[in-house]
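One structure below.
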Amino acid sequence: MTAEPKLAEKTIAGIRFEPVGKLYHFDYSAFPELSIGEYVIIETSVGRQMGQVMAFRPMENPAHSHKPILRRATARDMLLRQHWQAQQKEALARCQTVTQSISNFPPIKLIAAQYNFDGSRLTFLYSAEEKLNPSSLIRRLRREFSATLSFRLIGPRDVAKYLGGYGACGELRCCSTFLTDFSPISIRMAKAQGLNLNQSEITGMCGRLRCCLIYEYEQYVEARKQLPRRNKKIGTPMGPGKVIDVLPLKDSVVVIIPEKGRHTFTRDQLVPLAELRALQEKARQPCSVHGDEPCSCGLPPGSRNQDRPLA
């Protein structure tokens with residue numbers, strides 16, 4: 001890969017420790033020739049870890065200090081990482097066996113086992129109704145593993161991210177393919193998009209509101225600002241009616257008109273009711289330009305050039 005042009009003293013490196021994980025930023029001034037895609041060793045709060053350089057960006061606050069990159073990863077580091085990753089499934093199975101052997105141990109669901117690159121630290125990810133004290137379990141597991149052990153509680157969305165699989169749409173889950181962080185999702189996002197609020201329709205495999213509800217939310221909000229709300233009376237080329245449905249992405253509304261039924265109109269065909277009535281009143285009077293001759297001056301926008309007058 002081609003080295004990215006950069007100034008080490010003014011930029012920081014974005015490092016990712018998991019395939020679809022958050023970016024953490026570090027000082028790489030000791031390695032000015034570092035390139036995107038390279039693997040590096042970093043001292044973190046949970047010990048030494050291997051990460052991959054994903055990007056470089058300017059420092060927002062030069063006064064803020066970032067932890068330095070210790071060194072580039074070597075071929076030996078990469079082999080060690082591959083070896084310990086291959087041991088993770090077995091480590092998870094052994095932990096499950098020990099957990100089941102402890103009487104009255106709180107129910108937990110073990111999700112994954114993660115070794116750091118050199119096997120010196122082993123972390124078990126689990127989900128549970130509440131955070132537990134794993135000290136008794138760790139004491140038992142020390143007989144099984146020589147690494148430093150720790151347990152980390154993760155939420156339902158992270159569980160789905162680690163397990164992967166397919167979503168209700170038939171595609172691989174967003175969280176396990178490209179989402180590096182979870183945005184707050186609320187029920188109003190589903191309402192704004194006119195979605196069925198049935199729980200099975202708007203919740204994902206994790207049991208939480210689907211992450212995709214946020215993708216088009218802003219577009220719906222902006223589109224709705226330009227359209228009348230439901231139950232609002234509005235003027236149309238076919239006469240006054242009441243809005244019964246809003247179609248934001250079509251820039252249209254469905255209007256029910258007395259004795260004429262439901263009709264769909266685009267935004268440029270709609271006029272406020274007061275303006276419509278003024279136009280109708282004007283239409284009943286002789287045109288100041290054309291006199292008694294046929295004209296369309298008094299018709300609302302969207303209906304001019306039509307032969308029949310506004311009802």
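Convention: chains lettered A, B, ... in structure tokens order; per-chain residue numbering from 1; ligands numbered from 1 as shown.
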ask   = Counting only C-alpha atoms, what is within 8 Å of region 249-252 of chain A, bar same-chain residues fewer than 6 positions away, as a PyMOL selection string?
value = chain A and resi 219-220+223+227+264-267
Go ahead and dump the residues you just picked, N, CA and C atoms, as a compact mmCIF listing (two decimals), in the first residue's frame.
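Okay, part.txt is ready:
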```
# COMPACT_ATOMS: atom_id res chain seq x y z
N GLN A 219 -34.19 12.29 6.15
CA GLN A 219 -34.84 12.60 4.87
C GLN A 219 -36.36 12.70 5.04
N TYR A 220 -36.92 11.80 5.86
CA TYR A 220 -38.36 11.85 6.12
C TYR A 220 -38.73 13.12 6.87
N ALA A 223 -38.60 16.05 4.49
CA ALA A 223 -39.69 15.99 3.50
C ALA A 223 -41.02 16.35 4.13
N LEU A 227 -44.79 19.34 3.74
CA LEU A 227 -46.11 18.79 3.43
C LEU A 227 -47.08 19.02 4.59
N THR A 264 -54.43 11.38 -4.85
CA THR A 264 -53.07 11.73 -4.47
C THR A 264 -52.64 12.98 -5.22
N PHE A 265 -52.07 13.93 -4.48
CA PHE A 265 -51.63 15.18 -5.07
C PHE A 265 -50.19 15.45 -4.65
N THR A 266 -49.42 16.01 -5.57
CA THR A 266 -48.06 16.42 -5.24
C THR A 266 -48.10 17.77 -4.51
N ARG A 267 -46.99 18.13 -3.91
CA ARG A 267 -46.96 19.34 -3.09
C ARG A 267 -47.29 20.59 -3.91
```
Per residue of region 61-137 of chain A within 8 Å of region 149-157 of chain A, which atom pair is closest and at what distance in Å (one decimal), using only C-alpha atoms, listed by chain and increasing number, as a tab-separated table?
```
residue	atom	partner	partner_atom	distance
A:Arg121	CA	A:Leu149	CA	6.1
A:Leu122	CA	A:Leu149	CA	5.1
A:Thr123	CA	A:Ser150	CA	4.9
A:Phe124	CA	A:Phe151	CA	4.8
A:Leu125	CA	A:Arg152	CA	4.9
A:Tyr126	CA	A:Leu153	CA	5.2
A:Ser127	CA	A:Ile154	CA	5.6
A:Ala128	CA	A:Leu153	CA	7.3
A:Lys131	CA	A:Leu153	CA	6.6
A:Pro134	CA	A:Phe151	CA	7.1
```
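Within the 6 Å cut-off around region 23-32 of chain A, using only C-alpha atoms and omitting residues fewer than 5 positions from it on the same chain, the listed residues are Ala8, Ile12, Ala13, Gly14, Ile15, Arg16, His66, Lys67, Pro68 and Ile69 of chain A.
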Those residues with N, CA and C atoms, as a PDB file, in the first residue's frame please?
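The new file selection.pdb reads:
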```
ATOM      1  N   ALA A   8       3.694  14.036  10.860  1.00  0.00           N
ATOM      2  CA  ALA A   8       3.557  13.259  12.084  1.00  0.00           C
ATOM      3  C   ALA A   8       3.236  14.121  13.288  1.00  0.00           C
ATOM      4  N   ILE A  12      -2.748  12.242  13.766  1.00  0.00           N
ATOM      5  CA  ILE A  12      -2.786  11.046  14.607  1.00  0.00           C
ATOM      6  C   ILE A  12      -3.312   9.884  13.781  1.00  0.00           C
ATOM      7  N   ALA A  13      -3.019   8.681  14.227  1.00  0.00           N
ATOM      8  CA  ALA A  13      -3.410   7.477  13.495  1.00  0.00           C
ATOM      9  C   ALA A  13      -4.650   6.848  14.129  1.00  0.00           C
ATOM     10  N   GLY A  14      -5.605   6.477  13.283  1.00  0.00           N
ATOM     11  CA  GLY A  14      -6.791   5.764  13.740  1.00  0.00           C
ATOM     12  C   GLY A  14      -6.539   4.270  13.686  1.00  0.00           C
ATOM     13  N   ILE A  15      -6.630   3.606  14.838  1.00  0.00           N
ATOM     14  CA  ILE A  15      -6.314   2.180  14.945  1.00  0.00           C
ATOM     15  C   ILE A  15      -7.584   1.394  15.272  1.00  0.00           C
ATOM     16  N   ARG A  16      -7.768   0.286  14.594  1.00  0.00           N
ATOM     17  CA  ARG A  16      -8.910  -0.597  14.859  1.00  0.00           C
ATOM     18  C   ARG A  16      -8.390  -1.934  15.388  1.00  0.00           C
ATOM     19  N   HIS A  66      -1.955  11.934  23.140  1.00  0.00           N
ATOM     20  CA  HIS A  66      -2.411  10.600  22.762  1.00  0.00           C
ATOM     21  C   HIS A  66      -1.324   9.585  23.106  1.00  0.00           C
ATOM     22  N   LYS A  67      -1.762   8.396  23.467  1.00  0.00           N
ATOM     23  CA  LYS A  67      -0.791   7.339  23.742  1.00  0.00           C
ATOM     24  C   LYS A  67       0.001   7.019  22.477  1.00  0.00           C
ATOM     25  N   PRO A  68       1.278   6.702  22.632  1.00  0.00           N
ATOM     26  CA  PRO A  68       2.094   6.431  21.439  1.00  0.00           C
ATOM     27  C   PRO A  68       1.961   4.979  20.971  1.00  0.00           C
ATOM     28  N   ILE A  69       2.210   4.777  19.700  1.00  0.00           N
ATOM     29  CA  ILE A  69       2.349   3.427  19.163  1.00  0.00           C
ATOM     30  C   ILE A  69       3.708   2.899  19.604  1.00  0.00           C
TER      31      ILE A  69
END
```
task = Excluding Tyr115 (chain A) and any residue of its chain fewer than 4 positions from it, enumerate the residues within 10 Å of it, using only C-alpha atoms, and give them as a PyMOL selection string.
result = chain A and resi 49+81+83-88+91+119-124+147-149
